Amino acid sequence: MDENPRLKLAVQKSGRLTDPSLDLLNRCGLKLARGKDQLVGFGENLPLDVLFVRDDDIPDLVQEDVCDLGLVGLNVLEERRLELAARGAVARFEKLRDLDFGRCRLAIAAPNEARFDGPETLRGKRIATTYPFMLGRYLQTMDIAAEIVTLSGAVEIAPRLGRADLICDLVSTGSTLQANHLREVLTVAESHAVLIRTPVPLPAFKAGWVERMLLRIDGVERVKESKYVMLHAPRSALPAIRKLLPGSESPTIIPLDGFPERVVVHAVCRENVFWETLESLKQAGASSVLVLPVEKMLA
Ligand code: ATP
Ligand code: ZN
């Protein structure tokens, strides 16, 4: 019997990944007892506990087997991987899943008034970043010699302070850049949240729970955009209607009592259903169209 048969999962303590991470776990059925500011959240109904830490600590906690699993941005993982590689070491965390949150990109931005005519403009310039290894690799692949100014934060004010000519930072909407009179000029890398695991083999009980959690995560990701569509239609309109239902495989066709020419169609659509689709369905002859959210799905 394993001494501690509970899975330990590292999650960002407070930041952009915290809410979406907890939301994912909640959708996977985890009920977490967590006192405010507590370091560990106890899984009340599953053998899984959550450790709340700084996101930068997650790759090491997982590769050093302090935690079995971790939810972290690809950007943090990649930076750590390159940092280790620079020292001749190999990153040992394993990626289990790409997830649909924490989307952002590592981008180079220039002051609004500065000239920029493509990557060549970077030559000989000073670029401030908290991602020196990812920026370094990018510059290397572009064969550009520039000075990397490594900062620990507040990168976006570096040009105004005269510490750098450009910056390389994470961007999602671009509003922070705008507020600092900067504009995005190049994308260094795209990022999103990922689930990683320890390189150490897990005992059967824990491994079984990792598998179950993965199936649940896949189900959660699948239902996100999925909708259950129900409608009435004349039999003759079925071919047109089937074409209009986005991302649905084979809809269920049910006869309508007393109306031989009419049927009820039920379909799971794997894409969002927009008003435009509903209008087209109506034009094709559909009526009584209902669109319902899908809560859970197990393939
Ligand atoms: P910590 O205190 O945990 O070190 P942090 O300041 O490094 O926090 P956050 O700003 O909360 O981290 O960002 C955490 C992660 O969220 C990033 O590493 C990235 O993967 C993701 N992210 C998504 N959009 C953005 C964005 N616009 N800016 C920064 N990070 C983003
Ligand atoms: Zn961080």
# chains A, B, ... in the order shown; residues from 1 in each chain; ligands from 1
call {"tool": "residues_around", "arguments": {"residues": "region 35-48 of chain A", "least_positions_apart": "5", "cutoff": "9 Å", "atoms": "only C-alpha atoms", "output": "VMD selection string"}}
result
chain A and resid 5 to 9 13 29 to 30 53 206 209
call {"tool": "residues_around", "arguments": {"residues": "Leu214 (chain A)", "least_positions_apart": "5", "cutoff": "9 Å", "atoms": "only C-alpha atoms", "output": "list in words"}}
result
Leu96, Arg97, Trp209 and Gly219 of chain A
call {"tool": "residues_near_ligand", "arguments": {"ligand": "ligand 1", "cutoff": "7 Å", "atoms": "only C-alpha atoms and all ligand atoms", "output": "ChimeraX atom specification"}}
result
/A:12-17,53-56,72-76,102-104,170-173,191-193
call {"tool": "write_last_selection", "arguments": {"atoms": "N, CA and C atoms", "output": "PDB file, in the first residue's frame"}}
result
ATOM      1  N   GLN A  12      -1.770  27.523  -9.724  1.00  0.00           N
ATOM      2  CA  GLN A  12      -1.329  28.879  -9.376  1.00  0.00           C
ATOM      3  C   GLN A  12      -2.167  29.411  -8.212  1.00  0.00           C
ATOM      4  N   LYS A  13      -1.491  29.989  -7.222  1.00  0.00           N
ATOM      5  CA  LYS A  13      -2.163  30.425  -5.995  1.00  0.00           C
ATOM      6  C   LYS A  13      -3.081  31.612  -6.245  1.00  0.00           C
ATOM      7  N   SER A  14      -2.545  32.626  -6.900  1.00  0.00           N
ATOM      8  CA  SER A  14      -3.419  33.746  -7.216  1.00  0.00           C
ATOM      9  C   SER A  14      -2.890  34.439  -8.445  1.00  0.00           C
ATOM     10  N   GLY A  15      -3.683  34.385  -9.500  1.00  0.00           N
ATOM     11  CA  GLY A  15      -3.263  34.953 -10.772  1.00  0.00           C
ATOM     12  C   GLY A  15      -4.241  34.573 -11.851  1.00  0.00           C
ATOM     13  N   ARG A  16      -3.829  34.778 -13.073  1.00  0.00           N
ATOM     14  CA  ARG A  16      -4.736  34.570 -14.198  1.00  0.00           C
ATOM     15  C   ARG A  16      -5.165  33.125 -14.403  1.00  0.00           C
ATOM     16  N   LEU A  17      -4.333  32.175 -13.919  1.00  0.00           N
ATOM     17  CA  LEU A  17      -4.672  30.768 -14.154  1.00  0.00           C
ATOM     18  C   LEU A  17      -5.510  30.179 -13.029  1.00  0.00           C
ATOM     19  N   VAL A  53       0.465  27.434  -5.364  1.00  0.00           N
ATOM     20  CA  VAL A  53       1.842  27.938  -5.403  1.00  0.00           C
ATOM     21  C   VAL A  53       1.988  29.020  -6.471  1.00  0.00           C
ATOM     22  N   ARG A  54       3.160  29.634  -6.564  1.00  0.00           N
ATOM     23  CA  ARG A  54       3.438  30.573  -7.662  1.00  0.00           C
ATOM     24  C   ARG A  54       3.588  29.769  -8.945  1.00  0.00           C
ATOM     25  N   ASP A  55       3.083  30.298 -10.040  1.00  0.00           N
ATOM     26  CA  ASP A  55       3.114  29.510 -11.281  1.00  0.00           C
ATOM     27  C   ASP A  55       4.533  29.128 -11.700  1.00  0.00           C
ATOM     28  N   ASP A  56       5.512  29.999 -11.398  1.00  0.00           N
ATOM     29  CA  ASP A  56       6.888  29.719 -11.800  1.00  0.00           C
ATOM     30  C   ASP A  56       7.475  28.508 -11.077  1.00  0.00           C
ATOM     31  N   VAL A  72      -0.228  24.665 -15.636  1.00  0.00           N
ATOM     32  CA  VAL A  72       0.661  25.817 -15.805  1.00  0.00           C
ATOM     33  C   VAL A  72       0.687  26.250 -17.264  1.00  0.00           C
ATOM     34  N   GLY A  73       1.114  27.499 -17.490  1.00  0.00           N
ATOM     35  CA  GLY A  73       1.197  28.015 -18.860  1.00  0.00           C
ATOM     36  C   GLY A  73       2.364  27.395 -19.611  1.00  0.00           C
ATOM     37  N   LEU A  74       2.120  27.126 -20.891  1.00  0.00           N
ATOM     38  CA  LEU A  74       3.161  26.587 -21.767  1.00  0.00           C
ATOM     39  C   LEU A  74       4.382  27.506 -21.769  1.00  0.00           C
ATOM     40  N   ASN A  75       4.150  28.824 -21.645  1.00  0.00           N
ATOM     41  CA  ASN A  75       5.231  29.797 -21.634  1.00  0.00           C
ATOM     42  C   ASN A  75       6.186  29.559 -20.467  1.00  0.00           C
ATOM     43  N   VAL A  76       5.626  29.266 -19.290  1.00  0.00           N
ATOM     44  CA  VAL A  76       6.449  29.026 -18.098  1.00  0.00           C
ATOM     45  C   VAL A  76       7.256  27.725 -18.272  1.00  0.00           C
ATOM     46  N   GLY A 102      -6.064  30.257 -20.498  1.00  0.00           N
ATOM     47  CA  GLY A 102      -4.746  30.876 -20.345  1.00  0.00           C
ATOM     48  C   GLY A 102      -4.107  31.221 -21.678  1.00  0.00           C
ATOM     49  N   ARG A 103      -4.955  31.453 -22.680  1.00  0.00           N
ATOM     50  CA  ARG A 103      -4.392  31.756 -24.003  1.00  0.00           C
ATOM     51  C   ARG A 103      -3.726  33.125 -24.015  1.00  0.00           C
ATOM     52  N   CYS A 104      -2.513  33.179 -24.511  1.00  0.00           N
ATOM     53  CA  CYS A 104      -1.797  34.442 -24.663  1.00  0.00           C
ATOM     54  C   CYS A 104      -0.630  34.193 -25.597  1.00  0.00           C
ATOM     55  N   LEU A 170       4.150  38.883 -22.279  1.00  0.00           N
ATOM     56  CA  LEU A 170       2.915  38.165 -22.579  1.00  0.00           C
ATOM     57  C   LEU A 170       1.805  39.151 -22.892  1.00  0.00           C
ATOM     58  N   VAL A 171       1.031  38.828 -23.894  1.00  0.00           N
ATOM     59  CA  VAL A 171      -0.056  39.698 -24.331  1.00  0.00           C
ATOM     60  C   VAL A 171      -1.285  38.836 -24.563  1.00  0.00           C
ATOM     61  N   SER A 172      -2.448  39.308 -24.125  1.00  0.00           N
ATOM     62  CA  SER A 172      -3.658  38.628 -24.597  1.00  0.00           C
ATOM     63  C   SER A 172      -4.538  39.599 -25.373  1.00  0.00           C
ATOM     64  N   THR A 173      -5.079  40.622 -24.700  1.00  0.00           N
ATOM     65  CA  THR A 173      -5.916  41.558 -25.453  1.00  0.00           C
ATOM     66  C   THR A 173      -5.100  42.720 -26.025  1.00  0.00           C
ATOM     67  N   SER A 191       0.834  30.668 -26.434  1.00  0.00           N
ATOM     68  CA  SER A 191       0.775  29.886 -25.198  1.00  0.00           C
ATOM     69  C   SER A 191      -0.656  29.635 -24.741  1.00  0.00           C
ATOM     70  N   HIS A 192      -0.808  28.614 -23.924  1.00  0.00           N
ATOM     71  CA  HIS A 192      -2.088  28.269 -23.291  1.00  0.00           C
ATOM     72  C   HIS A 192      -1.738  27.405 -22.087  1.00  0.00           C
ATOM     73  N   ALA A 193      -2.742  27.118 -21.262  1.00  0.00           N
ATOM     74  CA  ALA A 193      -2.465  26.294 -20.082  1.00  0.00           C
ATOM     75  C   ALA A 193      -2.300  24.826 -20.493  1.00  0.00           C
TER      76      ALA A 193
END
call {"tool": "select_by_dssp", "arguments": {"residues": "region 64-221 of chain A", "states": "strand (DSSP E)", "output": "PDB file with C-alpha atoms, in the first residue's frame"}}
result
ATOM      1  CA  LEU A  69       0.408  16.904 -11.566  1.00  0.00           C
ATOM      2  CA  GLY A  70       0.474  20.613 -12.392  1.00  0.00           C
ATOM      3  CA  LEU A  71      -1.582  23.160 -14.299  1.00  0.00           C
ATOM      4  CA  VAL A  72       0.661  25.817 -15.805  1.00  0.00           C
ATOM      5  CA  GLY A  73       1.197  28.015 -18.860  1.00  0.00           C
ATOM      6  CA  GLU A  94       5.644  15.357 -19.152  1.00  0.00           C
ATOM      7  CA  LYS A  95       2.805  17.153 -20.887  1.00  0.00           C
ATOM      8  CA  LEU A  96      -0.496  15.298 -20.617  1.00  0.00           C
ATOM      9  CA  ARG A  97      -2.980  17.724 -22.153  1.00  0.00           C
ATOM     10  CA  ASP A  98      -3.247  21.098 -23.867  1.00  0.00           C
ATOM     11  CA  CYS A 104      -1.797  34.442 -24.663  1.00  0.00           C
ATOM     12  CA  ARG A 105       1.300  35.042 -26.729  1.00  0.00           C
ATOM     13  CA  LEU A 106       4.826  36.113 -25.990  1.00  0.00           C
ATOM     14  CA  ALA A 107       5.230  39.138 -28.210  1.00  0.00           C
ATOM     15  CA  ILE A 108       7.709  41.880 -28.967  1.00  0.00           C
ATOM     16  CA  ALA A 109       6.286  45.382 -28.670  1.00  0.00           C
ATOM     17  CA  ALA A 110       7.702  48.734 -29.679  1.00  0.00           C
ATOM     18  CA  PRO A 111       6.880  52.255 -28.475  1.00  0.00           C
ATOM     19  CA  ARG A 126      17.878  46.447 -26.175  1.00  0.00           C
ATOM     20  CA  ILE A 127      14.813  44.271 -25.472  1.00  0.00           C
ATOM     21  CA  ALA A 128      13.435  44.013 -21.921  1.00  0.00           C
ATOM     22  CA  THR A 129      11.777  40.750 -20.873  1.00  0.00           C
ATOM     23  CA  GLU A 147      20.732  42.833 -26.205  1.00  0.00           C
ATOM     24  CA  ILE A 148      18.372  41.019 -23.849  1.00  0.00           C
ATOM     25  CA  VAL A 149      17.627  43.030 -20.698  1.00  0.00           C
ATOM     26  CA  THR A 150      16.313  40.538 -18.143  1.00  0.00           C
ATOM     27  CA  LEU A 166      11.549  47.383 -27.017  1.00  0.00           C
ATOM     28  CA  ILE A 167       9.929  44.806 -24.768  1.00  0.00           C
ATOM     29  CA  CYS A 168       9.063  41.119 -25.063  1.00  0.00           C
ATOM     30  CA  ASP A 169       6.126  40.188 -22.839  1.00  0.00           C
ATOM     31  CA  LEU A 170       2.915  38.165 -22.579  1.00  0.00           C
ATOM     32  CA  VAL A 171      -0.056  39.698 -24.331  1.00  0.00           C
ATOM     33  CA  LEU A 182       3.350  50.307 -26.981  1.00  0.00           C
ATOM     34  CA  ARG A 183       2.298  48.314 -30.037  1.00  0.00           C
ATOM     35  CA  GLU A 184       2.769  44.648 -30.781  1.00  0.00           C
ATOM     36  CA  VAL A 185       5.147  44.054 -33.662  1.00  0.00           C
ATOM     37  CA  LEU A 186       6.200  40.372 -33.598  1.00  0.00           C
ATOM     38  CA  THR A 187       4.939  37.123 -32.058  1.00  0.00           C
ATOM     39  CA  VAL A 188       7.643  35.037 -30.391  1.00  0.00           C
ATOM     40  CA  ALA A 189       5.421  32.133 -29.231  1.00  0.00           C
ATOM     41  CA  GLU A 190       1.786  31.229 -28.596  1.00  0.00           C
ATOM     42  CA  SER A 191       0.775  29.886 -25.198  1.00  0.00           C
ATOM     43  CA  ALA A 193      -2.465  26.294 -20.082  1.00  0.00           C
ATOM     44  CA  VAL A 194      -1.272  22.684 -20.011  1.00  0.00           C
ATOM     45  CA  LEU A 195      -1.534  19.768 -17.616  1.00  0.00           C
ATOM     46  CA  ILE A 196       1.806  18.191 -16.769  1.00  0.00           C
ATOM     47  CA  ARG A 197       2.793  15.136 -14.737  1.00  0.00           C
TER      48      ARG A 197
END
call {"tool": "select_by_dssp", "arguments": {"residues": "region 13-70 of chain A", "states": "alpha helix (DSSP H)", "output": "list in words"}}
result
Thr18, Asp19, Pro20, Ser21, Leu22, Asp23, Leu24, Leu25, Asn26, Arg27, Ile58, Pro59, Asp60, Leu61, Val62 and Gln63 of chain A
call {"tool": "write_last_selection", "arguments": {"atoms": "N, CA and C atoms", "output": "JSON list (two decimals), in the first residue's frame"}}
result
[["chain", "number", "residue", "atom", "x", "y", "z"],
["A", 18, "THR", "N", -5.60, 30.89, -11.90],
["A", 18, "THR", "CA", -6.25, 30.32, -10.72],
["A", 18, "THR", "C", -7.72, 29.98, -10.96],
["A", 19, "ASP", "N", -8.52, 30.96, -11.35],
["A", 19, "ASP", "CA", -9.95, 30.70, -11.53],
["A", 19, "ASP", "C", -10.25, 29.66, -12.62],
["A", 20, "PRO", "N", -9.65, 29.81, -13.83],
["A", 20, "PRO", "CA", -9.94, 28.78, -14.84],
["A", 20, "PRO", "C", -9.46, 27.39, -14.42],
["A", 21, "SER", "N", -8.37, 27.30, -13.66],
["A", 21, "SER", "CA", -7.89, 25.99, -13.21],
["A", 21, "SER", "C", -8.90, 25.37, -12.25],
["A", 22, "LEU", "N", -9.36, 26.18, -11.28],
["A", 22, "LEU", "CA", -10.32, 25.67, -10.29],
["A", 22, "LEU", "C", -11.66, 25.34, -10.96],
["A", 23, "ASP", "N", -12.01, 26.13, -11.97],
["A", 23, "ASP", "CA", -13.24, 25.88, -12.70],
["A", 23, "ASP", "C", -13.16, 24.52, -13.43],
["A", 24, "LEU", "N", -12.01, 24.25, -14.04],
["A", 24, "LEU", "CA", -11.82, 22.97, -14.73],
["A", 24, "LEU", "C", -11.97, 21.81, -13.73],
["A", 25, "LEU", "N", -11.31, 21.95, -12.57],
["A", 25, "LEU", "CA", -11.35, 20.87, -11.57],
["A", 25, "LEU", "C", -12.78, 20.67, -11.06],
["A", 26, "ASN", "N", -13.46, 21.78, -10.88],
["A", 26, "ASN", "CA", -14.85, 21.73, -10.43],
["A", 26, "ASN", "C", -15.72, 21.01, -11.46],
["A", 27, "ARG", "N", -15.51, 21.31, -12.74],
["A", 27, "ARG", "CA", -16.27, 20.64, -13.79],
["A", 27, "ARG", "C", -15.93, 19.16, -13.88],
["A", 58, "ILE", "N", 5.78, 25.75, -10.47],
["A", 58, "ILE", "CA", 5.07, 24.52, -10.84],
["A", 58, "ILE", "C", 5.92, 23.52, -11.65],
["A", 59, "PRO", "N", 6.67, 23.97, -12.68],
["A", 59, "PRO", "CA", 7.47, 22.98, -13.42],
["A", 59, "PRO", "C", 8.40, 22.18, -12.51],
["A", 60, "ASP", "N", 9.09, 22.85, -11.59],
["A", 60, "ASP", "CA", 10.03, 22.13, -10.73],
["A", 60, "ASP", "C", 9.32, 21.25, -9.70],
["A", 61, "LEU", "N", 8.21, 21.74, -9.14],
["A", 61, "LEU", "CA", 7.48, 20.91, -8.17],
["A", 61, "LEU", "C", 7.07, 19.60, -8.81],
["A", 62, "VAL", "N", 6.72, 19.65, -10.10],
["A", 62, "VAL", "CA", 6.27, 18.45, -10.79],
["A", 62, "VAL", "C", 7.45, 17.59, -11.23],
["A", 63, "GLN", "N", 8.48, 18.21, -11.80],
["A", 63, "GLN", "CA", 9.58, 17.36, -12.27],
["A", 63, "GLN", "C", 10.40, 16.81, -11.11]]
call {"tool": "decode", "arguments": {"residues": "region 117-144 of chain A", "atoms": "N, CA, C and O atoms", "output": "mmCIF file, in the first residue's frame"}}
result
data_model
loop_
_atom_site.group_PDB
_atom_site.id
_atom_site.type_symbol
_atom_site.label_atom_id
_atom_site.label_comp_id
_atom_site.auth_asym_id
_atom_site.auth_seq_id
_atom_site.Cartn_x
_atom_site.Cartn_y
_atom_site.Cartn_z
ATOM 1 N N ASP A 117 10.337 48.113 -39.076
ATOM 2 C CA ASP A 117 10.117 47.549 -40.415
ATOM 3 C C ASP A 117 10.532 46.085 -40.444
ATOM 4 O O ASP A 117 11.321 45.669 -41.252
ATOM 5 N N GLY A 118 10.026 45.323 -39.485
ATOM 6 C CA GLY A 118 10.327 43.888 -39.507
ATOM 7 C C GLY A 118 11.460 43.529 -38.576
ATOM 8 O O GLY A 118 12.106 44.401 -37.983
ATOM 9 N N PRO A 119 11.711 42.209 -38.437
ATOM 10 C CA PRO A 119 12.680 41.689 -37.467
ATOM 11 C C PRO A 119 14.051 42.353 -37.539
ATOM 12 O O PRO A 119 14.713 42.515 -36.512
ATOM 13 N N GLU A 120 14.465 42.762 -38.724
ATOM 14 C CA GLU A 120 15.788 43.387 -38.880
ATOM 15 C C GLU A 120 15.952 44.607 -37.982
ATOM 16 O O GLU A 120 17.066 44.933 -37.550
ATOM 17 N N THR A 121 14.833 45.282 -37.719
ATOM 18 C CA THR A 121 14.854 46.487 -36.880
ATOM 19 C C THR A 121 15.392 46.172 -35.481
ATOM 20 O O THR A 121 15.871 47.056 -34.775
ATOM 21 N N LEU A 122 15.289 44.894 -35.063
ATOM 22 C CA LEU A 122 15.713 44.517 -33.713
ATOM 23 C C LEU A 122 17.235 44.513 -33.558
ATOM 24 O O LEU A 122 17.756 44.568 -32.437
ATOM 25 N N ARG A 123 17.939 44.431 -34.650
ATOM 26 C CA ARG A 123 19.393 44.309 -34.620
ATOM 27 C C ARG A 123 20.038 45.415 -33.772
ATOM 28 O O ARG A 123 19.769 46.599 -33.990
ATOM 29 N N GLY A 124 20.823 44.986 -32.766
ATOM 30 C CA GLY A 124 21.542 45.952 -31.934
ATOM 31 C C GLY A 124 20.689 46.675 -30.894
ATOM 32 O O GLY A 124 21.199 47.505 -30.151
ATOM 33 N N LYS A 125 19.384 46.334 -30.838
ATOM 34 C CA LYS A 125 18.502 47.021 -29.897
ATOM 35 C C LYS A 125 18.510 46.316 -28.531
ATOM 36 O O LYS A 125 18.898 45.157 -28.414
ATOM 37 N N ARG A 126 18.027 47.045 -27.508
ATOM 38 C CA ARG A 126 17.878 46.447 -26.175
ATOM 39 C C ARG A 126 16.414 46.032 -26.000
ATOM 40 O O ARG A 126 15.513 46.856 -26.174
ATOM 41 N N ILE A 127 16.184 44.764 -25.640
ATOM 42 C CA ILE A 127 14.813 44.271 -25.472
ATOM 43 C C ILE A 127 14.628 43.777 -24.032
ATOM 44 O O ILE A 127 15.341 42.889 -23.581
ATOM 45 N N ALA A 128 13.678 44.394 -23.317
ATOM 46 C CA ALA A 128 13.435 44.013 -21.921
ATOM 47 C C ALA A 128 12.424 42.873 -21.851
ATOM 48 O O ALA A 128 11.419 42.885 -22.562
ATOM 49 N N THR A 129 12.694 41.891 -20.992
ATOM 50 C CA THR A 129 11.777 40.750 -20.873
ATOM 51 C C THR A 129 11.967 40.006 -19.561
ATOM 52 O O THR A 129 13.006 40.128 -18.909
ATOM 53 N N THR A 130 10.938 39.225 -19.191
ATOM 54 C CA THR A 130 11.105 38.270 -18.092
ATOM 55 C C THR A 130 11.283 36.866 -18.681
ATOM 56 O O THR A 130 11.303 35.885 -17.945
ATOM 57 N N TYR A 131 11.334 36.790 -19.999
ATOM 58 C CA TYR A 131 11.513 35.505 -20.693
ATOM 59 C C TYR A 131 12.797 35.498 -21.530
ATOM 60 O O TYR A 131 12.747 35.365 -22.750
ATOM 61 N N PRO A 132 13.975 35.634 -20.857
ATOM 62 C CA PRO A 132 15.215 35.765 -21.622
ATOM 63 C C PRO A 132 15.539 34.536 -22.484
ATOM 64 O O PRO A 132 16.113 34.683 -23.561
ATOM 65 N N PHE A 133 15.149 33.357 -22.031
ATOM 66 C CA PHE A 133 15.518 32.157 -22.792
ATOM 67 C C PHE A 133 14.665 31.993 -24.047
ATOM 68 O O PHE A 133 15.175 31.656 -25.115
ATOM 69 N N MET A 134 13.375 32.256 -23.924
ATOM 70 C CA MET A 134 12.520 32.161 -25.112
ATOM 71 C C MET A 134 12.860 33.258 -26.113
ATOM 72 O O MET A 134 12.896 33.019 -27.309
ATOM 73 N N LEU A 135 13.117 34.453 -25.596
ATOM 74 C CA LEU A 135 13.490 35.555 -26.498
ATOM 75 C C LEU A 135 14.827 35.241 -27.159
ATOM 76 O O LEU A 135 15.004 35.440 -28.360
ATOM 77 N N GLY A 136 15.760 34.706 -26.360
ATOM 78 C CA GLY A 136 17.086 34.363 -26.876
ATOM 79 C C GLY A 136 17.000 33.349 -28.013
ATOM 80 O O GLY A 136 17.646 33.509 -29.052
ATOM 81 N N ARG A 137 16.151 32.349 -27.814
ATOM 82 C CA ARG A 137 16.008 31.333 -28.866
ATOM 83 C C ARG A 137 15.422 31.946 -30.130
ATOM 84 O O ARG A 137 15.833 31.651 -31.242
ATOM 85 N N TYR A 138 14.426 32.817 -29.934
ATOM 86 C CA TYR A 138 13.794 33.466 -31.082
ATOM 87 C C TYR A 138 14.807 34.278 -31.882
ATOM 88 O O TYR A 138 14.913 34.157 -33.101
ATOM 89 N N LEU A 139 15.589 35.094 -31.152
ATOM 90 C CA LEU A 139 16.566 35.940 -31.833
ATOM 91 C C LEU A 139 17.593 35.079 -32.562
ATOM 92 O O LEU A 139 18.021 35.397 -33.668
ATOM 93 N N GLN A 140 17.933 33.945 -31.922
ATOM 94 C CA GLN A 140 18.907 33.052 -32.521
ATOM 95 C C GLN A 140 18.362 32.453 -33.820
ATOM 96 O O GLN A 140 19.063 32.428 -34.831
ATOM 97 N N THR A 141 17.115 32.001 -33.793
ATOM 98 C CA THR A 141 16.557 31.405 -35.014
ATOM 99 C C THR A 141 16.407 32.463 -36.113
ATOM 100 O O THR A 141 16.476 32.145 -37.291
ATOM 101 N N MET A 142 16.204 33.719 -35.712
ATOM 102 C CA MET A 142 16.076 34.785 -36.720
ATOM 103 C C MET A 142 17.459 35.327 -37.114
ATOM 104 O O MET A 142 17.556 36.200 -37.963
ATOM 105 N N ASP A 143 18.492 34.819 -36.426
ATOM 106 C CA ASP A 143 19.863 35.244 -36.685
ATOM 107 C C ASP A 143 20.050 36.752 -36.467
ATOM 108 O O ASP A 143 20.614 37.451 -37.302
ATOM 109 N N ILE A 144 19.507 37.207 -35.333
ATOM 110 C CA ILE A 144 19.587 38.634 -35.008
ATOM 111 C C ILE A 144 20.335 38.822 -33.693
ATOM 112 O O ILE A 144 20.010 38.172 -32.691
#
